[in-house]
Amino acid sequence: MANNNSTKVIEQRADIYKLLSLLFYQPNHETAGYLKDLKELISDYMYSGIDFIDKMEKDLEKTSANANYLLVDYARLFVGPFNVLAAPYGSLYLDNERTVMGDSTIDACRQYAEAGLEIDVSFKEAPDHIAVELEFLYYLNYRYLETNELMYLVKQGDFLHGHLGFWIDHFTKAVLKNSNTDFYVNLTVITQNFIKEDMQFLKEFADNNFSVEL
Amino acid sequence: MMKISRRGFIKLSVATGVAAGIKGKPILTAFAENSNAVNKLAQGKWKSTTCQGCTTWCPVQVYVVNGRAIKVRGNPNSKAMEGKVCPRAHMSLQQVYDPDRIKVPMKRTNPKKGRNEDPQFVPITWDEAVDTIAEKMMELRKNQETHKYVTFRGRYTYMRDIIYDAFTKIYGSPNGISHSAICAEAEKFGAYFTEGFWDYRDYDLLNTRYVLLWGADPLASNRQVPRVLNVWGDVLDRAKVAVIDPRLSATASKADEWLPVVPGEDGALALAMAHVILVEGLWSREFVGDFIDVINKFSPGVSVQEDTFQEKYTYGVVKWWNMELMNRTPEWAQDITGVPAEQIRRVAVDFASNAPNVISWLAPGSAMQVRGAYSAMACHALNGLVGSVDNKGGTLQGMKVPANSIPKYDAYVDEIAAKGKKYPKMDQRGYKEFPALNLGVSGGGVVTNRAADSILNEDPYEIKMAIGYWNNFTFSCTGASRWEKALEKLPFFAHITTHPAEMTKFADIVLPAAHHKYERWGYVKSKANRYAYATMNQRVIEPLWDVRMDETEIPWLIAEKLAQKGYPNLFNYYQNEFQDPETGKKPTNGMEFTLSALKMFTQPIWDPALNNKGDKFQGWQDFQEKGVWNSDPYPFKEKWGNFGTETKMFEFYSETLKHALEKHAEKHTTDVDDIMKTCKFTVTGEHSFIPHYEPAFRWGEENEYPFIFFEHRSRLNREARSANCSWYQDCKDVDPGDEKWDDVAKINPVDGVKLGIKTGDKIKLISPTGQIECTAKLWQGVRPGTIGKCYGQGHWAYGRIAAKDFQKMLPRGGNNNELLPADYDRFSGSTARHGGVTRIKVERV
């Protein structure tokens, strides 16, 4: 069983996943608040994480002069139309065809279902959208803390290795190549770094606490 | 829009040091908890729906597993297609799951419009999008300018009248402008002015002994493709097939005869065949009649006394002979058509010798030409000569599909709307130079492609606003650059579309549409294999994105907004007149409205109390499950003596056309000769009323533009909407002569040598009105002196795969419509995209 320290760490990591997930939705009046909260949590997990968030906050300020400043970049990168420059869908990186709802998407859905989740009927995006996968990681942490059942951390490791942890590098590359805003460049870099760090964390956590490899 | 949760969870987390979700429930945005979720990973199920990837409109079924569409097959309940589909049906899986689709409503933030302007679209809510549209509409109403609004309709289902008719008219505009005239209206002209049937024909392939294909490639396109793919082996076993096409098409490559006609000279070929049939005495005595003394007097160059021939079910065969056919020998046609006289004679004799179980199959290739009206008549008239019209193994009309129309809306048209909708339609139909004689009425048909000129020249009046759906006129109309200019000029344009398209580039508001095969409700009517059918479009998967149905949900939303802004009539019409036929319940939202309307329209089909023809159903659910209603088989010969013409006979001398042209001339206080000249025809007098020879009309002089350009269709084209599918690009070489991931101009090797051009060279094709770049392909399947190119590539704004480099605005090849001039078969209103309408020259890039 995890000790109190590790519980706190996992709580914070869950929150970071949830905040990162929310930041990959369309920017809105709550975005600044999410950033503030992320700033409070990130420094423990990422070297110079605060610097990244400072840049994002500075960029976000530009929306007061031009409400569409971030939205235009958000649309170009993640929504389209015409050419989604940094498709936020796992299947585009994991399957052979440039379509959503590939075999990898269905595998992600299977993993969600095995963890007791289904896509909400009012949710209007592909099930392997980066925001969904990040929220799933939040949820697995939550379930672990609620139940202390190791399998949720096992599932987290499995999911990262088979899905988001696998395609985040390609996604990051696409964002860095095409983004016109510091906001999305830094959000993506933070996300990439955090995922990598979390994969390492899970490995060490397993080494320290369990005899099972995660 | 995505559902965004509060960020309370994290505040609590920070404040208490405990993640908020841990104590209570997790805060979920995309997910819902369901401990039974794993058991919902259901087994797959085949669900019925409809493929509208081309004009065939096939009943299909989609295999859905865990909410994901993974496979398509023909609907086994279909008697027309007998459970078959063509490659297009499968490709739609890549369309529905295309990451470049429109996912949410968007608005333009860059007010400048143009091909090279980035619209800088940003996501908005449905409420904001619909409010913006309704506000613009109310502004026009306030100024009593409702006629300055247009609904541009592309492809459609039979839910169309909700948006195209009622929406437009109750709002107060006459301007429902359909795409039909860029589709195939000219071929309907041929059947209408001979047998009084303005529609596509059906063909009795099971019993046919000879198929004469006029610019048709039914193994690949237009129409009944799955039906043809299914039975063509049998057809080839028992029948001969002759293909008239300047290109060695898929069908030509399997045919007994290939007649690589000079583009636009199909009419001359048909007339020469008619000549041979009469001279050889091979016409149908049963249908056409005979000389009273049964001695054939049809001899080349010799006229015949009309009273020596007694016609049965036809009208004017001797007039036709005397005025036109007697000199149209195969030798005369040989120089014009480029087809040897011997082959013309052989094909005509073979065709007529197998009559009446034969088909003269007219397709757009031989009809959508500047002077295509008379070619269409001549090609179809062959069916009349040999008695294959409405006959076993021949060409057929179709059974009626029992369906309801939209409820009357006159009571909902207020004074402003009544005034607005009285204006003439904006597409110049019925102008002296655009008779558009749909059903024989001057201005009865649409002249789709003139709408661009109408906007640019404010003729007949200024257009201030338009909503377009399921269309892409900026790409699909000839003289495409005019559309770019017109849309730059148009002050407000909303585009309802599944995929972003060239037309979307000019939109102020973009609305994401449900995909017709997977995500929407509707129904269509069509026919094949002697069966008419109604097949439903069904929502077989839950849409991934925030889409709405173009013909029903979106008009409902706009009607709601118009009501909020002070004009409730449209909303009242939708709510009062579209009650669920089973429960009597009034619709309360767009989805209920859609389903009520669909149930109403199709009630005569699924309601056992009303349906007494064709397939029977136990009720709505049963129809939904089976997905398709089939008529009884079409009976032969019942139209004989009761055709929809002025004389009730099959007309070789068309009293029906005479009546229509005289009415049109009268409207413009002139005579038919003047109308003929105005519409680019060459004859005068009585010749105007018979299928006669008209030399092909071409843009460009031969000395400057030495090659005749012609285009054709791909067996993979989902109406030019497939180019963003990788399967389309990967398999493009299934079109004979074409190459994968490329757009080639096919040049005969003889011409290639003369030009010093080899396969793979990058070339520029230049017409008097435009130019495009593509790749050269030396190929023997096109006749020397012509250059052929498939339509469908050349997209510059249809997604990442469709363009060669979207970021750099580089299309993959060139859009033929940028090369083709905007010209017309004015009698049907059709865009003349075939028949070698333009000459071109070729330069190496």
# chains A, B, ... in the order shown; residues from 1 in each chain; ligands from 1
call {"tool": "closest_atom_pairs", "arguments": {"of": "chain A", "to": "chain B", "cutoff": "6 Å", "atoms": "only C-alpha atoms", "output": "CSV"}}
result
residue,atom,partner,partner_atom,distance
A:Glu11,CA,B:Ala19,CA,5.5
A:Leu71,CA,B:Val122,CA,5.8
A:Val72,CA,B:Val122,CA,5.5
A:Ala75,CA,B:Val122,CA,5.8
A:Pro81,CA,B:Ile102,CA,5.6
A:Phe82,CA,B:Gly799,CA,4.3
A:Asn83,CA,B:Arg800,CA,5.0
A:Val84,CA,B:Asp100,CA,5.8
A:Thr99,CA,B:Asp98,CA,5.1
A:Val100,CA,B:Tyr97,CA,5.1
A:Ala113,CA,B:Val38,CA,4.7
A:Glu114,CA,B:Val38,CA,5.5
A:Gly116,CA,B:Ser35,CA,4.5
A:Leu117,CA,B:Glu33,CA,4.6
A:Glu118,CA,B:Ala32,CA,5.5
A:Ile119,CA,B:Phe31,CA,4.4
A:Asp120,CA,B:Phe31,CA,4.7
A:Phe123,CA,B:Ala30,CA,5.6
A:Lys124,CA,B:Trp545,CA,4.6
A:Glu125,CA,B:Leu544,CA,5.2
A:Ala126,CA,B:Leu544,CA,5.6
A:Val132,CA,B:Ala30,CA,5.9
call {"tool": "select_by_dssp", "arguments": {"residues": "segment 316-439 of chain B", "states": "strand (DSSP E or B)", "output": "list in words"}}
result
Val358, Ile359, Ser360, Trp361, Leu362, Val389, Thr395 and Leu396 of chain B
call {"tool": "write_last_selection", "arguments": {"atoms": "N, CA and C atoms", "output": "compact mmCIF listing (two decimals), in the first residue's frame"}}
result
# COMPACT_ATOMS: atom_id res chain seq x y z
N VAL B 358 -32.80 -4.45 -76.91
CA VAL B 358 -31.53 -3.70 -76.98
C VAL B 358 -31.68 -2.37 -76.25
N ILE B 359 -30.54 -1.79 -75.97
CA ILE B 359 -30.55 -0.53 -75.21
C ILE B 359 -29.64 0.48 -75.90
N SER B 360 -30.18 1.65 -76.21
CA SER B 360 -29.34 2.78 -76.58
C SER B 360 -29.28 3.65 -75.32
N TRP B 361 -28.18 3.57 -74.66
CA TRP B 361 -28.01 4.09 -73.28
C TRP B 361 -27.34 5.45 -73.37
N LEU B 362 -28.09 6.45 -73.11
CA LEU B 362 -27.59 7.83 -73.22
C LEU B 362 -27.09 8.32 -71.86
N VAL B 389 -37.89 0.89 -76.66
CA VAL B 389 -38.34 1.79 -75.61
C VAL B 389 -39.51 1.14 -74.87
N THR B 395 -35.01 0.01 -72.80
CA THR B 395 -34.91 1.18 -71.92
C THR B 395 -36.29 1.48 -71.35
N LEU B 396 -36.33 1.74 -70.05
CA LEU B 396 -37.60 1.80 -69.35
C LEU B 396 -37.76 3.12 -68.58
call {"tool": "atom_distance", "arguments": {"atom1": "atom CA of Glu651 of chain B", "atom2": "atom CA of Asp202 of chain B"}}
result
19.5 Å
call {"tool": "closest_residue", "arguments": {"among": "A:Thr7, A:Ser64, A:Ala206, A:Ala14", "to": "Tyr142 of chain A", "atoms": "only C-alpha atoms"}}
result
A:Ala14
call {"tool": "atom_distance", "arguments": {"atom1": "atom CA of Ala363 of chain B", "atom2": "atom CA of Asp217 of chain B"}}
result
8.4 Å
call {"tool": "closest_residue", "arguments": {"among": "B:Trp332, B:Lys421, B:Pro435, B:Ser48", "to": "Ser173 of chain B", "atoms": "only C-alpha atoms"}}
result
B:Lys421
call {"tool": "residues_around", "arguments": {"residues": "Gly162 of chain A", "least_positions_apart": "5", "cutoff": "9 Å", "atoms": "only C-alpha atoms", "output": "compact mmCIF listing (two decimals) with C-alpha atoms, in the first residue's frame"}}
result
# COMPACT_ATOMS: atom_id res chain seq x y z
CA LEU A 94 -1.05 4.91 -34.10
CA SER A 104 -6.28 2.06 -31.66
CA ALA A 108 -8.66 2.96 -26.02
CA GLY A 157 1.06 2.22 -17.30
CA TRP A 167 1.93 9.27 -29.66
call {"tool": "residues_around", "arguments": {"residues": "segment 826-829 of chain B", "least_positions_apart": "2", "cutoff": "8 Å", "atoms": "only C-alpha atoms", "output": "ChimeraX atom specification"}}
result
/B:181,185-186,189,370,373,429,433-438,445-448,679,824,831
call {"tool": "residues_around", "arguments": {"residues": "Phe287 of chain B", "least_positions_apart": "2", "cutoff": "6 Å", "atoms": "only C-alpha atoms", "output": "list in words"}}
result
Ser284, Arg285, Gly289, Lys312, Tyr313 and Gly387 of chain B
call {"tool": "closest_residue", "arguments": {"among": "B:Thr602, B:Tyr574, B:Tyr156, B:Phe707", "to": "Leu755 of chain B", "atoms": "only C-alpha atoms"}}
result
B:Phe707
